[in-house]
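Below is the file target_9.pdb, which contains PDB, C-alpha atoms.
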ATOM      1  CA  MET A   1     -28.571 103.638 -27.701
ATOM      2  CA  SER A   2     -24.795 103.242 -27.902
ATOM      3  CA  ALA A   3     -23.288 100.495 -30.024
ATOM      4  CA  ALA A   4     -21.788  97.466 -28.301
ATOM      5  CA  PRO A   5     -18.003  97.663 -27.941
ATOM      6  CA  ARG A   6     -16.064  95.931 -30.699
ATOM      7  CA  GLN A   7     -14.582  92.603 -29.696
ATOM      8  CA  ARG A   8     -10.805  92.677 -29.900
ATOM      9  CA  ARG A   9      -9.212  90.310 -32.403
ATOM     10  CA  ALA A  10      -5.976  88.361 -31.984
ATOM     11  CA  VAL A  11      -4.337  86.474 -34.826
ATOM     12  CA  ILE A  12      -1.900  83.646 -34.143
ATOM     13  CA  GLY A  13       0.265  82.259 -36.909
ATOM     14  CA  GLY A  14       1.181  78.694 -35.971
ATOM     15  CA  GLY A  15      -1.516  78.444 -33.331
ATOM     16  CA  SER A  16      -1.764  74.639 -33.326
ATOM     17  CA  GLY A  17       1.502  74.015 -31.481
ATOM     18  CA  TYR A  18       2.091  73.693 -27.742
ATOM     19  CA  LEU A  19       2.656  77.400 -27.066
ATOM     20  CA  GLY A  20       0.148  78.537 -29.664
ATOM     21  CA  THR A  21      -2.579  76.467 -28.015
ATOM     22  CA  ALA A  22      -1.751  77.893 -24.573
ATOM     23  CA  LEU A  23      -1.867  81.453 -25.907
ATOM     24  CA  ARG A  24      -5.068  80.862 -27.844
ATOM     25  CA  ASP A  25      -6.857  79.631 -24.727
ATOM     26  CA  ALA A  26      -5.529  82.504 -22.585
ATOM     27  CA  LEU A  27      -6.491  85.197 -25.082
ATOM     28  CA  ARG A  28      -9.998  83.826 -25.362
ATOM     29  CA  VAL A  29     -10.285  84.088 -21.589
ATOM     30  CA  ASP A  30      -9.244  87.739 -22.021
ATOM     31  CA  GLY A  31     -12.178  88.272 -24.365
ATOM     32  CA  PHE A  32     -10.346  88.179 -27.703
ATOM     33  CA  ASP A  33     -11.768  86.745 -30.874
ATOM     34  CA  VAL A  34      -8.799  84.492 -31.702
ATOM     35  CA  ARG A  35      -8.132  83.569 -35.317
ATOM     36  CA  THR A  36      -5.350  81.300 -36.545
ATOM     37  CA  ILE A  37      -3.144  80.890 -39.598
ATOM     38  CA  GLY A  38      -1.776  77.433 -40.365
ATOM     39  CA  ARG A  39      -1.568  74.583 -42.795
ATOM     40  CA  SER A  40      -4.934  72.947 -42.057
ATOM     41  CA  GLY A  41      -7.908  73.522 -39.788
ATOM     42  CA  ALA A  42      -7.060  77.224 -39.443
ATOM     43  CA  ASP A  43      -8.941  80.374 -40.412
ATOM     44  CA  ALA A  44      -6.412  81.045 -43.180
ATOM     45  CA  ARG A  45      -3.621  79.044 -44.791
ATOM     46  CA  TRP A  46      -0.060  80.209 -45.327
ATOM     47  CA  ASP A  47      -0.502  79.883 -49.099
ATOM     48  CA  ASP A  48      -3.478  82.288 -49.037
ATOM     49  CA  PRO A  49      -2.130  85.863 -48.794
ATOM     50  CA  ALA A  50      -5.577  87.403 -49.270
ATOM     51  CA  GLY A  51      -6.939  85.322 -46.397
ATOM     52  CA  ILE A  52      -4.019  86.301 -44.157
ATOM     53  CA  LEU A  53      -4.591  89.984 -44.970
ATOM     54  CA  ARG A  54      -8.290  89.710 -44.090
ATOM     55  CA  LEU A  55      -7.383  88.404 -40.635
ATOM     56  CA  VAL A  56      -4.517  90.818 -39.959
ATOM     57  CA  ASP A  57      -6.294  93.964 -41.187
ATOM     58  CA  GLY A  58      -8.126  95.337 -38.164
ATOM     59  CA  ALA A  59      -6.577  92.922 -35.672
ATOM     60  CA  ASP A  60      -5.424  94.274 -32.316
ATOM     61  CA  LEU A  61      -2.715  91.686 -31.715
ATOM     62  CA  LEU A  62      -0.631  89.522 -34.038
ATOM     63  CA  ILE A  63       1.545  86.657 -32.800
ATOM     64  CA  GLY A  64       3.768  84.640 -35.155
ATOM     65  CA  LEU A  65       4.925  81.275 -33.828
ATOM     66  CA  ALA A  66       5.108  79.166 -36.982
ATOM     67  CA  GLY A  67       8.152  77.081 -37.747
ATOM     68  CA  ARG A  68       9.223  73.466 -38.031
ATOM     69  CA  ARG A  69      10.148  71.902 -34.688
ATOM     70  CA  ILE A  70      13.882  71.854 -33.978
ATOM     71  CA  ASP A  71      13.551  68.567 -32.090
ATOM     72  CA  CYS A  72      14.773  66.591 -35.087
ATOM     73  CA  ARG A  73      17.945  65.412 -36.795
ATOM     74  CA  TYR A  74      19.639  68.238 -38.689
ATOM     75  CA  THR A  75      19.637  66.583 -42.098
ATOM     76  CA  ASP A  76      19.999  68.859 -45.113
ATOM     77  CA  ARG A  77      16.255  68.630 -45.734
ATOM     78  CA  ASN A  78      15.341  69.407 -42.120
ATOM     79  CA  ARG A  79      17.860  72.258 -41.922
ATOM     80  CA  GLU A  80      16.333  73.933 -44.958
ATOM     81  CA  GLU A  81      12.783  73.450 -43.664
ATOM     82  CA  ILE A  82      13.639  74.823 -40.205
ATOM     83  CA  LEU A  83      14.946  78.010 -41.815
ATOM     84  CA  ARG A  84      12.386  78.317 -44.606
ATOM     85  CA  SER A  85       9.351  77.695 -42.397
ATOM     86  CA  ARG A  86      10.333  80.542 -40.059
ATOM     87  CA  VAL A  87      11.417  83.116 -42.619
ATOM     88  CA  ARG A  88       8.628  82.400 -45.110
ATOM     89  CA  THR A  89       5.795  82.664 -42.580
ATOM     90  CA  THR A  90       7.263  85.784 -40.947
ATOM     91  CA  ALA A  91       7.601  87.412 -44.377
ATOM     92  CA  ALA A  92       3.955  86.545 -45.114
ATOM     93  CA  LEU A  93       2.864  88.273 -41.892
ATOM     94  CA  HIS A  94       5.074  91.259 -42.707
ATOM     95  CA  ARG A  95       3.411  91.689 -46.111
ATOM     96  CA  ALA A  96      -0.011  91.582 -44.483
ATOM     97  CA  VAL A  97       0.959  94.125 -41.804
ATOM     98  CA  THR A  98       2.343  96.595 -44.342
ATOM     99  CA  ALA A  99      -0.670  96.158 -46.660
ATOM    100  CA  ALA A 100      -3.306  96.474 -43.930
ATOM    101  CA  ALA A 101      -5.454  99.603 -43.791
ATOM    102  CA  ARG A 102      -5.680  99.095 -40.009
ATOM    103  CA  PRO A 103      -2.511  97.229 -39.000
ATOM    104  CA  PRO A 104      -2.301  95.528 -35.597
ATOM    105  CA  ALA A 105      -0.991  97.658 -32.748
ATOM    106  CA  VAL A 106       1.551  95.036 -31.737
ATOM    107  CA  TRP A 107       3.183  92.120 -33.531
ATOM    108  CA  MET A 108       5.074  89.571 -31.432
ATOM    109  CA  ASN A 109       7.064  87.007 -33.345
ATOM    110  CA  GLY A 110       8.942  83.898 -32.377
ATOM    111  CA  SER A 111      12.709  83.962 -32.029
ATOM    112  CA  SER A 112      15.289  82.071 -30.002
ATOM    113  CA  ALA A 113      17.928  82.678 -27.357
ATOM    114  CA  THR A 114      20.218  80.241 -29.147
ATOM    115  CA  ALA A 115      22.068  82.979 -31.053
ATOM    116  CA  TYR A 116      23.733  84.355 -27.927
ATOM    117  CA  ARG A 117      27.251  83.047 -27.461
ATOM    118  CA  TYR A 118      27.985  79.814 -25.616
ATOM    119  CA  SER A 119      28.691  80.901 -22.067
ATOM    120  CA  LEU A 120      29.604  79.163 -18.835
ATOM    121  CA  ASP A 121      30.768  82.311 -17.056
ATOM    122  CA  THR A 122      28.458  85.274 -17.707
ATOM    123  CA  PRO A 123      24.788  85.709 -18.693
ATOM    124  CA  ARG A 124      23.648  87.633 -21.772
ATOM    125  CA  THR A 125      20.911  90.241 -22.034
ATOM    126  CA  GLU A 126      19.103  91.907 -24.929
ATOM    127  CA  ALA A 127      21.870  94.525 -24.992
ATOM    128  CA  ASP A 128      24.427  91.903 -26.035
ATOM    129  CA  PRO A 129      25.003  91.102 -29.722
ATOM    130  CA  LEU A 130      23.930  87.849 -31.326
ATOM    131  CA  GLU A 131      27.516  86.760 -31.863
ATOM    132  CA  GLU A 132      27.306  82.974 -31.932
ATOM    133  CA  LYS A 133      27.960  81.281 -35.278
ATOM    134  CA  GLY A 134      26.580  78.223 -36.996
ATOM    135  CA  PHE A 135      23.229  76.770 -37.965
ATOM    136  CA  SER A 136      20.903  77.696 -35.090
ATOM    137  CA  PRO A 137      22.249  81.267 -34.693
ATOM    138  CA  ASP A 138      21.992  81.856 -38.452
ATOM    139  CA  VAL A 139      18.361  80.723 -38.396
ATOM    140  CA  THR A 140      17.606  83.130 -35.533
ATOM    141  CA  ARG A 141      19.246  86.102 -37.236
ATOM    142  CA  GLU A 142      17.345  85.560 -40.501
ATOM    143  CA  TRP A 143      14.113  85.018 -38.572
ATOM    144  CA  GLU A 144      14.482  88.349 -36.789
ATOM    145  CA  ALA A 145      15.608  90.096 -39.976
ATOM    146  CA  ALA A 146      12.315  89.094 -41.602
ATOM    147  CA  LEU A 147      10.434  90.542 -38.611
ATOM    148  CA  PHE A 148      12.270  93.859 -38.368
ATOM    149  CA  ALA A 149      12.617  94.540 -42.111
ATOM    150  CA  GLY A 150      11.379  97.915 -43.339
ATOM    151  CA  GLU A 151       9.035 100.255 -41.500
ATOM    152  CA  THR A 152       5.748  99.428 -39.781
ATOM    153  CA  PRO A 153       4.779 102.812 -38.329
ATOM    154  CA  GLY A 154       1.463 101.618 -36.936
ATOM    155  CA  THR A 155       2.757  98.383 -35.441
ATOM    156  CA  ARG A 156       5.066  97.786 -32.490
ATOM    157  CA  ARG A 157       7.283  94.752 -33.137
ATOM    158  CA  ILE A 158       8.710  92.369 -30.532
ATOM    159  CA  ALA A 159      10.994  89.378 -31.067
ATOM    160  CA  LEU A 160      10.294  86.734 -28.426
ATOM    161  CA  ARG A 161      13.767  85.253 -27.859
ATOM    162  CA  THR A 162      12.433  82.136 -26.224
ATOM    163  CA  SER A 163      14.370  79.724 -24.039
ATOM    164  CA  LEU A 164      13.194  76.223 -23.089
ATOM    165  CA  VAL A 165       9.535  76.466 -22.040
ATOM    166  CA  LEU A 166       8.522  73.976 -19.361
ATOM    167  CA  GLY A 167       4.951  72.904 -18.764
ATOM    168  CA  ARG A 168       2.642  69.939 -18.403
ATOM    169  CA  GLY A 169       2.474  68.257 -21.781
ATOM    170  CA  ALA A 170       5.516  70.040 -23.204
ATOM    171  CA  PRO A 171       7.387  67.430 -25.296
ATOM    172  CA  VAL A 172      10.822  68.190 -23.848
ATOM    173  CA  MET A 173       9.476  68.183 -20.297
ATOM    174  CA  GLU A 174       7.778  64.820 -20.773
ATOM    175  CA  LEU A 175      11.005  63.327 -22.146
ATOM    176  CA  LEU A 176      13.144  64.614 -19.270
ATOM    177  CA  LEU A 177      10.679  63.410 -16.627
ATOM    178  CA  ARG A 178      10.506  59.996 -18.270
ATOM    179  CA  LEU A 179      14.294  59.706 -18.188
ATOM    180  CA  ALA A 180      14.318  60.687 -14.505
ATOM    181  CA  ARG A 181      11.690  58.068 -13.606
ATOM    182  CA  LEU A 182      13.689  55.374 -15.428
ATOM    183  CA  GLY A 183      16.853  56.166 -13.496
ATOM    184  CA  LEU A 184      18.463  57.854 -16.500
ATOM    185  CA  GLY A 185      18.080  61.373 -15.151
ATOM    186  CA  GLY A 186      21.719  62.087 -14.433
ATOM    187  CA  PRO A 187      23.640  65.033 -15.879
ATOM    188  CA  GLN A 188      24.757  65.090 -19.507
ATOM    189  CA  TYR A 189      28.486  65.618 -19.991
ATOM    190  CA  ASP A 190      29.856  67.233 -23.130
ATOM    191  CA  GLY A 191      33.061  65.987 -24.711
ATOM    192  CA  TRP A 192      34.747  64.922 -27.918
ATOM    193  CA  TRP A 193      32.705  63.323 -30.679
ATOM    194  CA  PHE A 194      33.320  62.495 -34.288
ATOM    195  CA  PRO A 195      33.366  65.683 -36.421
ATOM    196  CA  HIS A 196      30.305  66.414 -38.529
ATOM    197  CA  ARG A 197      28.827  69.289 -40.549
ATOM    198  CA  ARG A 198      25.219  69.324 -39.345
ATOM    199  CA  TYR A 199      25.760  72.527 -37.345
ATOM    200  CA  ARG A 200      27.351  74.479 -40.210
ATOM    201  CA  GLY A 201      25.919  77.863 -41.175
ATOM    202  CA  ILE A 202      22.899  78.386 -43.387
ATOM    203  CA  GLY A 203      20.969  81.129 -45.153
ATOM    204  CA  ALA A 204      21.943  84.258 -47.033
ATOM    205  CA  HIS A 205      24.978  84.903 -44.811
ATOM    206  CA  PRO A 206      26.070  81.536 -43.403
ATOM    207  CA  THR A 207      28.562  81.544 -40.545
ATOM    208  CA  ASP A 208      30.555  78.505 -39.541
ATOM    209  CA  PRO A 209      31.300  77.851 -35.871
ATOM    210  CA  ASP A 210      34.671  79.307 -34.843
ATOM    211  CA  ARG A 211      35.132  77.178 -31.730
ATOM    212  CA  PRO A 212      35.383  73.411 -31.132
ATOM    213  CA  ASP A 213      32.235  71.344 -31.395
ATOM    214  CA  TYR A 214      32.455  70.515 -27.709
ATOM    215  CA  GLU A 215      33.325  71.931 -24.310
ATOM    216  CA  HIS A 216      34.354  69.965 -21.258
ATOM    217  CA  SER A 217      31.471  71.517 -19.346
ATOM    218  CA  ARG A 218      31.143  68.585 -16.891
ATOM    219  CA  GLY A 219      27.409  69.164 -16.612
ATOM    220  CA  ARG A 220      27.867  72.864 -15.852
ATOM    221  CA  GLN A 221      26.277  74.002 -19.124
ATOM    222  CA  ARG A 222      23.578  76.537 -18.326
ATOM    223  CA  LEU A 223      19.932  76.083 -19.170
ATOM    224  CA  SER A 224      17.726  79.138 -19.490
ATOM    225  CA  TRP A 225      14.101  78.149 -19.042
ATOM    226  CA  MET A 226      10.620  79.576 -18.506
ATOM    227  CA  HIS A 227       7.429  78.130 -17.085
ATOM    228  CA  GLU A 228       4.527  77.969 -19.541
ATOM    229  CA  GLN A 229       2.378  80.194 -17.311
ATOM    230  CA  ASP A 230       5.082  82.864 -17.268
ATOM    231  CA  PHE A 231       5.368  82.674 -21.044
ATOM    232  CA  VAL A 232       1.638  83.337 -21.391
ATOM    233  CA  GLN A 233       1.631  86.039 -18.716
ATOM    234  CA  ALA A 234       4.679  87.744 -20.249
ATOM    235  CA  VAL A 235       2.928  87.885 -23.637
ATOM    236  CA  ARG A 236      -0.065  89.524 -21.946
ATOM    237  CA  PHE A 237       2.284  91.930 -20.163
ATOM    238  CA  LEU A 238       4.080  92.887 -23.392
ATOM    239  CA  ARG A 239       0.746  93.343 -25.159
ATOM    240  CA  ASP A 240      -0.278  95.936 -22.589
ATOM    241  CA  HIS A 241       3.051  97.802 -22.224
ATOM    242  CA  ASP A 242       3.413 100.078 -25.218
ATOM    243  CA  GLU A 243       6.900 101.181 -24.195
ATOM    244  CA  VAL A 244       8.438  97.759 -24.938
ATOM    245  CA  ALA A 245       9.627  96.940 -28.447
ATOM    246  CA  GLY A 246      12.488  95.008 -30.034
ATOM    247  CA  PRO A 247      14.051  91.797 -28.698
ATOM    248  CA  VAL A 248      12.773  90.360 -25.412
ATOM    249  CA  ASN A 249      14.404  87.399 -23.661
ATOM    250  CA  MET A 250      11.682  84.978 -22.619
ATOM    251  CA  ALA A 251      13.453  83.258 -19.743
ATOM    252  CA  SER A 252      13.362  82.988 -15.974
ATOM    253  CA  PRO A 253      15.840  85.254 -14.143
ATOM    254  CA  HIS A 254      17.406  82.126 -12.607
ATOM    255  CA  ALA A 255      19.074  79.835 -15.124
ATOM    256  CA  VAL A 256      20.345  76.501 -13.814
ATOM    257  CA  THR A 257      23.166  74.147 -14.676
ATOM    258  CA  ASN A 258      22.429  70.817 -16.300
ATOM    259  CA  ILE A 259      23.372  69.141 -13.012
ATOM    260  CA  GLU A 260      20.825  71.261 -11.124
ATOM    261  CA  LEU A 261      18.127  70.609 -13.733
ATOM    262  CA  MET A 262      18.447  66.842 -13.587
ATOM    263  CA  ARG A 263      18.695  66.839  -9.775
ATOM    264  CA  THR A 264      15.475  68.866  -9.553
ATOM    265  CA  LEU A 265      13.661  66.490 -11.914
ATOM    266  CA  ARG A 266      14.822  63.426  -9.973
ATOM    267  CA  ARG A 267      13.642  64.975  -6.722
ATOM    268  CA  ALA A 268      10.253  65.798  -8.250
ATOM    269  CA  VAL A 269       9.595  62.199  -9.314
ATOM    270  CA  HIS A 270      11.284  60.633  -6.258
ATOM    271  CA  ALA A 271      13.970  58.914  -8.330
ATOM    272  CA  PRO A 272      16.729  57.729  -5.956
ATOM    273  CA  PHE A 273      19.484  58.012  -8.554
ATOM    274  CA  GLY A 274      20.201  59.090 -12.118
ATOM    275  CA  LEU A 275      22.868  57.650 -14.348
ATOM    276  CA  PRO A 276      25.036  60.326 -15.982
ATOM    277  CA  ALA A 277      25.352  60.395 -19.773
ATOM    278  CA  PRO A 278      28.724  61.377 -21.244
ATOM    279  CA  ARG A 279      28.592  62.449 -24.860
ATOM    280  CA  PHE A 280      29.849  59.123 -26.248
ATOM    281  CA  VAL A 281      26.774  57.532 -24.648
ATOM    282  CA  LEU A 282      24.431  60.418 -25.441
ATOM    283  CA  GLU A 283      25.138  60.713 -29.177
ATOM    284  CA  PRO A 284      24.006  57.195 -30.188
ATOM    285  CA  GLY A 285      20.840  57.706 -28.140
ATOM    286  CA  MET A 286      20.144  61.036 -29.837
ATOM    287  CA  ALA A 287      20.593  59.373 -33.232
ATOM    288  CA  VAL A 288      18.028  56.720 -32.293
ATOM    289  CA  LEU A 289      15.622  59.394 -31.058
ATOM    290  CA  ARG A 290      16.232  61.399 -34.262
ATOM    291  CA  THR A 291      17.242  64.580 -32.470
ATOM    292  CA  GLU A 292      20.432  66.539 -31.722
ATOM    293  CA  SER A 293      22.623  66.575 -28.640
ATOM    294  CA  GLU A 294      23.160  70.353 -28.878
ATOM    295  CA  LEU A 295      19.657  70.843 -27.494
ATOM    296  CA  ILE A 296      20.926  69.751 -24.062
ATOM    297  CA  LEU A 297      24.685  70.278 -24.333
ATOM    298  CA  LYS A 298      24.705  73.922 -25.422
ATOM    299  CA  SER A 299      25.211  76.432 -22.635
ATOM    300  CA  ARG A 300      22.803  79.302 -23.190
ATOM    301  CA  TRP A 301      22.626  81.677 -20.225
ATOM    302  CA  VAL A 302      20.315  84.652 -20.761
ATOM    303  CA  LEU A 303      18.593  87.116 -18.448
ATOM    304  CA  PRO A 304      15.143  88.712 -19.024
ATOM    305  CA  GLN A 305      16.452  92.249 -18.594
ATOM    306  CA  VAL A 306      13.764  93.949 -20.674
ATOM    307  CA  LEU A 307      10.927  92.184 -18.883
ATOM    308  CA  GLU A 308      12.327  92.915 -15.436
ATOM    309  CA  ASP A 309      13.098  96.563 -16.253
ATOM    310  CA  ALA A 310       9.502  96.975 -17.442
ATOM    311  CA  GLY A 311       8.221  95.589 -14.140
ATOM    312  CA  TYR A 312       7.209  92.034 -14.980
ATOM    313  CA  LEU A 313       6.996  89.790 -11.895
ATOM    314  CA  PHE A 314       7.618  86.102 -12.512
ATOM    315  CA  ARG A 315       5.199  83.559 -11.092
ATOM    316  CA  PHE A 316       7.887  80.883 -11.227
ATOM    317  CA  PRO A 317      11.331  82.469 -10.942
ATOM    318  CA  GLU A 318      12.920  79.310  -9.455
ATOM    319  CA  LEU A 319      13.125  75.930 -11.167
ATOM    320  CA  ASP A 320      12.143  73.866  -8.119
ATOM    321  CA  GLY A 321       8.776  75.596  -7.740
ATOM    322  CA  ALA A 322       8.127  75.421 -11.473
ATOM    323  CA  VAL A 323       8.806  71.681 -11.674
ATOM    324  CA  ARG A 324       6.728  70.939  -8.571
ATOM    325  CA  ALA A 325       3.809  72.850 -10.120
ATOM    326  CA  ILE A 326       4.151  70.888 -13.354
ATOM    327  CA  VAL A 327       4.259  67.429 -11.804
ATOM    328  CA  GLY A 328       1.457  68.290  -9.389
ATOM    329  CA  ARG A 329       3.376  68.229  -6.110
TER
END
Can you dump the structure from the file as structure tokens?
Amino acid sequence: MSAAPRQRRAVIGGGSGYLGTALRDALRVDGFDVRTIGRSGADARWDDPAGILRLVDGADLLIGLAGRRIDCRYTDRNREEILRSRVRTTAALHRAVTAAARPPAVWMNGSSATAYRYSLDTPRTEADPLEEKGFSPDVTREWEAALFAGETPGTRRIALRTSLVLGRGAPVMELLLRLARLGLGGPQYDGWWFPHRRYRGIGAHPTDPDRPDYEHSRGRQRLSWMHEQDFVQAVRFLRDHDEVAGPVNMASPHAVTNIELMRTLRRAVHAPFGLPAPRFVLEPGMAVLRTESELILKSRWVLPQVLEDAGYLFRFPELDGAVRAIVGR
């Protein structure tokens, strides 16, 4: 009598967040035994290297998503924690992968599209360098350096350069829809603001921004985005396509301007108008909300070249269909 097939194991570092929860549920549907690494309520804690190794050794899939949320004010303390939480947890996974007798076949780790240069004119792909300077780009470069350090001959590594992920219950999505319903869903206009140092470089090789802190984008700043279902499906796709490794842009092929984004949200919630927010109005509001205006004023325009070249077909390539699916219309 033949032995029952071994159940595949997936390990998610940072599995309690919005995306981690979505992936955990999807992988369980796929038949995986899903284990998590976190601070509490997980199968292993980040301060337990032996426990992390026990989970990683023999796993089929490893996904690292841990890191402090960037939806906060960039105080010195928060800046350090945003960087440290990403690099420290990625380094802990790296040590487990290299020490494992049976390392996972594929390791996908969080990253960000924010390190591509500010662009209003041309999109960026994985072939373009990470040439932007300042806090967020420095964090991304150190995060990926921790992932791709050294050799992992038995493990394929992928950096998920994630754009804004939209879905029901996503914190950013809920905020934007609430603004639209209240009549505040107009475009956000960049412009001059009092100089500050919150976006200065950080890490082992800090880089300071070499351009002004603002652009007169007039609401034309680009937003690269991805529906939650496409994020989950793309992770499944990358898991099963052994030819893909390295950086992967997790974004829809159709970025939109800030004007188009807010217009689409207003239409979805039947808001007849939306008051625009120039930066001198936006900045005090962001201070009250304890977050940063760069999250909506930066123009990050990326294309998912690797995914498309590998044959991935998006469920929600256009923003209008994605938003209608999220709000239930």
Exercise for review: Could you check which of A:Leu319, A:Val29, A:Ala310, A:Val327 is closest to Asp240 of chain A, using only C-alpha atoms?
Suggested key: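 Among the listed residues, A:Ala310 lies closest to Asp240 of chain A.
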Separating atom CA of Asp121 of chain A from atom CA of Leu303 of chain A, to the nearest tenth of an Å, is a gap of 13.2 Å
Item to complete: Name every residue that the PyMOL selection byres ((chain A and resi 178-181) around 9) selects in this structure, writing the answer as a PyMOL selection string with chains first and numbers rising.
Response: chain A and resi 173-177+182-186+262-263+265-267+269-271+273-274
Resulting file, chosen residues, C-alpha atoms, as an mmCIF file, in the frame of the given file:
data_model
loop_
_atom_site.group_PDB
_atom_site.id
_atom_site.type_symbol
_atom_site.label_atom_id
_atom_site.label_comp_id
_atom_site.auth_asym_id
_atom_site.auth_seq_id
_atom_site.Cartn_x
_atom_site.Cartn_y
_atom_site.Cartn_z
ATOM 1 C CA MET A 173 9.476 68.183 -20.297
ATOM 2 C CA GLU A 174 7.778 64.820 -20.773
ATOM 3 C CA LEU A 175 11.005 63.327 -22.146
ATOM 4 C CA LEU A 176 13.144 64.614 -19.270
ATOM 5 C CA LEU A 177 10.679 63.410 -16.627
ATOM 6 C CA LEU A 182 13.689 55.374 -15.428
ATOM 7 C CA GLY A 183 16.853 56.166 -13.496
ATOM 8 C CA LEU A 184 18.463 57.854 -16.500
ATOM 9 C CA GLY A 185 18.080 61.373 -15.151
ATOM 10 C CA GLY A 186 21.719 62.087 -14.433
ATOM 11 C CA MET A 262 18.447 66.842 -13.587
ATOM 12 C CA ARG A 263 18.695 66.839 -9.775
ATOM 13 C CA LEU A 265 13.661 66.490 -11.914
ATOM 14 C CA ARG A 266 14.822 63.426 -9.973
ATOM 15 C CA ARG A 267 13.642 64.975 -6.722
ATOM 16 C CA VAL A 269 9.595 62.199 -9.314
ATOM 17 C CA HIS A 270 11.284 60.633 -6.258
ATOM 18 C CA ALA A 271 13.970 58.914 -8.330
ATOM 19 C CA PHE A 273 19.484 58.012 -8.554
ATOM 20 C CA GLY A 274 20.201 59.090 -12.118
#
(Q) Using Å and a single decimal, report how far atom CA of Leu83 of chain A sits from atom CA of Val139 of chain A. (A)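 Straight-line distance from atom CA of Val139 of chain A to atom CA of Leu83 of chain A works out to 5.5 Å.
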Go ahead and fit an axis-aligned box to every listed atom of segment 27-39 of chain A plus 3 Å each side, and pass me the centre and edge lengths in Å, one decimal, as JSON.
{"center_x": -6.9, "center_y": 81.4, "center_z": -32.2, "size_x": 16.6, "size_y": 19.7, "size_z": 27.2}
Please list as number ranges by chain every residue within 10 Å of Ser119 of chain A, counting all atoms listed in the file and excluding residues in the same chain fewer than 2 positions away.
A: 116-117, 121-124, 221-222, 298-302
What does the distance from atom CA of Ile202 of chain A to atom CA of Asp138 of chain A come to in Å, to one decimal?
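Computing the Euclidean distance for atom CA of Ile202 of chain A and atom CA of Asp138 of chain A yields 6.1 Å.
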Report as a tab-separated table: every residue of segment 47-143 of chain A with an atom at most 9 Å from segment 244-253 of chain A, its closest pair of atoms, and their distance in Å to one decimal, counting all atoms listed in the file, with rows sorted by chain and ascending residue number.
residue	atom	partner	partner_atom	distance
A:Val106	CA	A:Ala245	CA	8.9
A:Ser111	CA	A:Pro247	CA	8.6
A:Ser112	CA	A:Asn249	CA	8.3
A:Ala113	CA	A:Asn249	CA	7.0
A:Thr125	CA	A:Asn249	CA	7.3
A:Glu126	CA	A:Pro247	CA	6.3
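Minimum atom-to-atom distance to Pro284 of chain A, evaluated using only C-alpha atoms, belongs to A:Trp193 out of A:Leu313, A:Trp193, A:Ala127, A:Glu228.
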Might you spell out which residues the PyMOL selection byres ((chain A and resi 93) around 9) would select in the displayed file, as an mmCIF file with C-alpha atoms, in the coordinates of the input?
data_model
loop_
_atom_site.group_PDB
_atom_site.id
_atom_site.type_symbol
_atom_site.label_atom_id
_atom_site.label_comp_id
_atom_site.auth_asym_id
_atom_site.auth_seq_id
_atom_site.Cartn_x
_atom_site.Cartn_y
_atom_site.Cartn_z
ATOM 1 C CA GLY A 13 0.265 82.259 -36.909
ATOM 2 C CA PRO A 49 -2.130 85.863 -48.794
ATOM 3 C CA ILE A 52 -4.019 86.301 -44.157
ATOM 4 C CA LEU A 53 -4.591 89.984 -44.970
ATOM 5 C CA VAL A 56 -4.517 90.818 -39.959
ATOM 6 C CA LEU A 62 -0.631 89.522 -34.038
ATOM 7 C CA GLY A 64 3.768 84.640 -35.155
ATOM 8 C CA ARG A 88 8.628 82.400 -45.110
ATOM 9 C CA THR A 89 5.795 82.664 -42.580
ATOM 10 C CA THR A 90 7.263 85.784 -40.947
ATOM 11 C CA ALA A 91 7.601 87.412 -44.377
ATOM 12 C CA ALA A 92 3.955 86.545 -45.114
ATOM 13 C CA HIS A 94 5.074 91.259 -42.707
ATOM 14 C CA ARG A 95 3.411 91.689 -46.111
ATOM 15 C CA ALA A 96 -0.011 91.582 -44.483
ATOM 16 C CA VAL A 97 0.959 94.125 -41.804
ATOM 17 C CA THR A 98 2.343 96.595 -44.342
ATOM 18 C CA LEU A 147 10.434 90.542 -38.611
#
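Residues matched by the PyMOL selection byres ((chain A and resi 320) around 9) in this file: Leu261, Thr264, Leu265, Ala268, Phe316, Glu318, Leu319, Gly321, Ala322, Val323, Arg324 and Ala325 of chain A.
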Worksheet item: Smallest atom-to-atom distance to Asp25 of chain A: which of A:Ala42, A:Pro195, A:Ala101, A:Gln229, using all atoms listed in the file?
Response: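 Once distances to Asp25 of chain A are computed over all atoms listed in the file, the minimum belongs to A:Gln229.
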